[in-house]
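Scroll down for the structure; my scribbles are underneath it.
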Amino acid sequence: MPVQESINIHQKVEASLDSIRPYLEADGGNIEIVDITHENVVIVRLIGACESCKMSFTTMKAGVEAAVIKAVPEIKSVVAINASSPD
């Protein structure tokens with residue numbers, strides 16, 4: 001992927017995360033991009049209350065991943081390196 005295209009995708013993903021950050025912050029959490037792979041998988045880290053929340057997996061799939069893919073269709077998935085897995 002050309003560097004400029006990579007920068008544009010990163011900016012679009014960041015903007016999509018900005019649109020949902022107020023909801024995460026309202027619960028004492030946040031999210032940050034760790035990496036975007038060559039396969040267009042976004043790797044994120046949950047911060048604050050989101051880090052230890054038992055609902056973090058659901059938040060990732062139903063909230064974060066859905067918002068990012070809707071805003072940036074090139075993205076295939078969003079994975080949190082520290083999300084709790086469903087039991």
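Every chain in the structure tokens takes a letter, A first, then B, and so on in the order presented; its residues are numbered from 1, and the ligands are numbered from 1 following the presented order.
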Exercise. Which of chain A counts as strand (DSSP E or B) under DSSP, as a VMD selection string please?
Worked result: chain A and resid 29 to 36 41 to 48 77 to 80
Exercise. Closest to A:Glu32 among A:Asn82, A:Ser52, A:Thr58, A:Asn8, using only C-alpha atoms?
Worked result: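 The answer is A:Asn82, which sits nearest to A:Glu32.
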For this session: Excluding A:Ser16 and any residue of its chain fewer than 3 positions from it, enumerate the residues within 10 Å of it, using only C-alpha atoms, and give them as a PyMOL selection string.
Result: chain A and resi 10-13+19-21+64-72
Emit the selected residues as a tab-separated table (two decimals), in the first residue's frame, including C-alpha atoms.
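This went into result-v5.tsv:
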```tsv
chain	number	residue	atom	x	y	z
A	10	HIS	CA	-5.20	5.98	9.23
A	11	GLN	CA	-6.81	9.45	9.26
A	12	LYS	CA	-10.21	8.01	8.27
A	13	VAL	CA	-10.01	5.34	10.98
A	19	SER	CA	-17.11	9.76	16.46
A	20	ILE	CA	-17.51	7.05	19.12
A	21	ARG	CA	-14.98	8.28	21.68
A	64	VAL	CA	-16.17	0.07	17.35
A	65	GLU	CA	-15.72	-2.38	14.47
A	66	ALA	CA	-19.12	-1.56	12.97
A	67	ALA	CA	-18.44	2.20	13.08
A	68	VAL	CA	-14.96	1.87	11.59
A	69	ILE	CA	-16.00	-0.45	8.75
A	70	LYS	CA	-18.99	1.76	7.93
A	71	ALA	CA	-16.75	4.84	7.73
A	72	VAL	CA	-13.78	3.10	6.10
```
Residues within 12 Å of A:Ser56, please, as a compact mmCIF listing (two decimals) with C-alpha atoms, in the first residue's frame. Count only C-alpha atoms; anything in the same chain fewer than 2 positions from it doesn't count.
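File result_33.txt, as written:
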```
# COMPACT_ATOMS: atom_id res chain seq x y z
CA LEU A 24 -16.33 5.39 25.59
CA ASP A 27 -17.92 5.26 30.77
CA GLY A 29 -12.58 4.62 28.82
CA ASN A 30 -10.99 5.37 25.49
CA ILE A 31 -9.33 3.66 22.53
CA ARG A 45 -5.82 -0.84 22.58
CA LEU A 46 -8.66 -0.20 24.98
CA ILE A 47 -7.81 2.30 27.70
CA GLY A 48 -9.18 3.06 31.15
CA ALA A 49 -12.46 1.43 32.15
CA CYS A 50 -12.77 -0.19 28.70
CA GLU A 51 -9.62 -2.19 29.39
CA SER A 52 -11.19 -4.31 32.13
CA CYS A 53 -14.85 -4.15 31.11
CA LYS A 54 -16.54 -7.53 30.70
CA THR A 58 -19.25 -6.75 22.50
CA THR A 59 -18.30 -3.08 22.44
CA MET A 60 -15.53 -3.91 19.98
CA LYS A 61 -17.66 -5.92 17.56
CA ALA A 62 -21.02 -4.14 17.77
CA GLY A 63 -19.74 -0.62 18.32
CA VAL A 64 -16.17 0.07 17.35
CA GLU A 65 -15.72 -2.38 14.47
CA VAL A 79 -9.09 -6.26 16.89
CA ALA A 80 -8.33 -5.09 20.41
CA ILE A 81 -5.10 -6.47 21.82
CA ASN A 82 -6.60 -6.32 25.30
CA ALA A 83 -10.37 -6.92 24.91
CA SER A 84 -12.04 -9.44 27.20
CA SER A 85 -13.27 -12.47 25.30
CA PRO A 86 -16.89 -13.56 25.65
CA ASP A 87 -17.56 -16.38 28.12
```
For this session: Identify all residues of chain A in alpha helix (DSSP H) (DSSP on the backbone) and supply them as number ranges by chain.
Result: A: 3-26, 49-52, 56-58, 66-71
Export, as a PDB file, in the first residue's frame, the selected residues with C-alpha atoms.
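Result written to result.pdb:
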```
ATOM      1  CA  VAL A   3       2.415   5.630   1.987  1.00  0.00           C
ATOM      2  CA  GLN A   4      -0.128   8.356   1.160  1.00  0.00           C
ATOM      3  CA  GLU A   5      -2.962   5.813   0.956  1.00  0.00           C
ATOM      4  CA  SER A   6      -1.860   4.372   4.308  1.00  0.00           C
ATOM      5  CA  ILE A   7      -1.900   7.854   5.868  1.00  0.00           C
ATOM      6  CA  ASN A   8      -5.369   8.542   4.463  1.00  0.00           C
ATOM      7  CA  ILE A   9      -6.766   5.273   5.829  1.00  0.00           C
ATOM      8  CA  HIS A  10      -5.204   5.984   9.232  1.00  0.00           C
ATOM      9  CA  GLN A  11      -6.813   9.453   9.256  1.00  0.00           C
ATOM     10  CA  LYS A  12     -10.211   8.013   8.275  1.00  0.00           C
ATOM     11  CA  VAL A  13     -10.007   5.345  10.981  1.00  0.00           C
ATOM     12  CA  GLU A  14      -8.993   7.956  13.567  1.00  0.00           C
ATOM     13  CA  ALA A  15     -11.955  10.132  12.526  1.00  0.00           C
ATOM     14  CA  SER A  16     -14.345   7.194  12.873  1.00  0.00           C
ATOM     15  CA  LEU A  17     -12.963   6.471  16.351  1.00  0.00           C
ATOM     16  CA  ASP A  18     -13.407  10.150  17.233  1.00  0.00           C
ATOM     17  CA  SER A  19     -17.111   9.764  16.463  1.00  0.00           C
ATOM     18  CA  ILE A  20     -17.511   7.049  19.119  1.00  0.00           C
ATOM     19  CA  ARG A  21     -14.978   8.281  21.677  1.00  0.00           C
ATOM     20  CA  PRO A  22     -17.551  10.366  23.602  1.00  0.00           C
ATOM     21  CA  TYR A  23     -19.467   7.159  24.400  1.00  0.00           C
ATOM     22  CA  LEU A  24     -16.328   5.393  25.590  1.00  0.00           C
ATOM     23  CA  GLU A  25     -15.212   8.432  27.586  1.00  0.00           C
ATOM     24  CA  ALA A  26     -18.640   8.673  29.242  1.00  0.00           C
ATOM     25  CA  ALA A  49     -12.460   1.428  32.152  1.00  0.00           C
ATOM     26  CA  CYS A  50     -12.769  -0.187  28.703  1.00  0.00           C
ATOM     27  CA  GLU A  51      -9.625  -2.185  29.395  1.00  0.00           C
ATOM     28  CA  SER A  52     -11.187  -4.308  32.128  1.00  0.00           C
ATOM     29  CA  SER A  56     -15.371  -4.961  25.864  1.00  0.00           C
ATOM     30  CA  PHE A  57     -15.663  -7.750  23.276  1.00  0.00           C
ATOM     31  CA  THR A  58     -19.254  -6.755  22.499  1.00  0.00           C
ATOM     32  CA  ALA A  66     -19.123  -1.557  12.969  1.00  0.00           C
ATOM     33  CA  ALA A  67     -18.439   2.197  13.085  1.00  0.00           C
ATOM     34  CA  VAL A  68     -14.959   1.872  11.592  1.00  0.00           C
ATOM     35  CA  ILE A  69     -16.001  -0.447   8.751  1.00  0.00           C
ATOM     36  CA  LYS A  70     -18.990   1.758   7.929  1.00  0.00           C
ATOM     37  CA  ALA A  71     -16.748   4.842   7.735  1.00  0.00           C
TER      38      ALA A  71
END
```
For this session: Quote the spacing between atom CA of A:Met55 and atom CA of A:Glu39 in Å to one decimal place.
Result: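 Separation between atom CA of A:Met55 and atom CA of A:Glu39: 26.5 Å.
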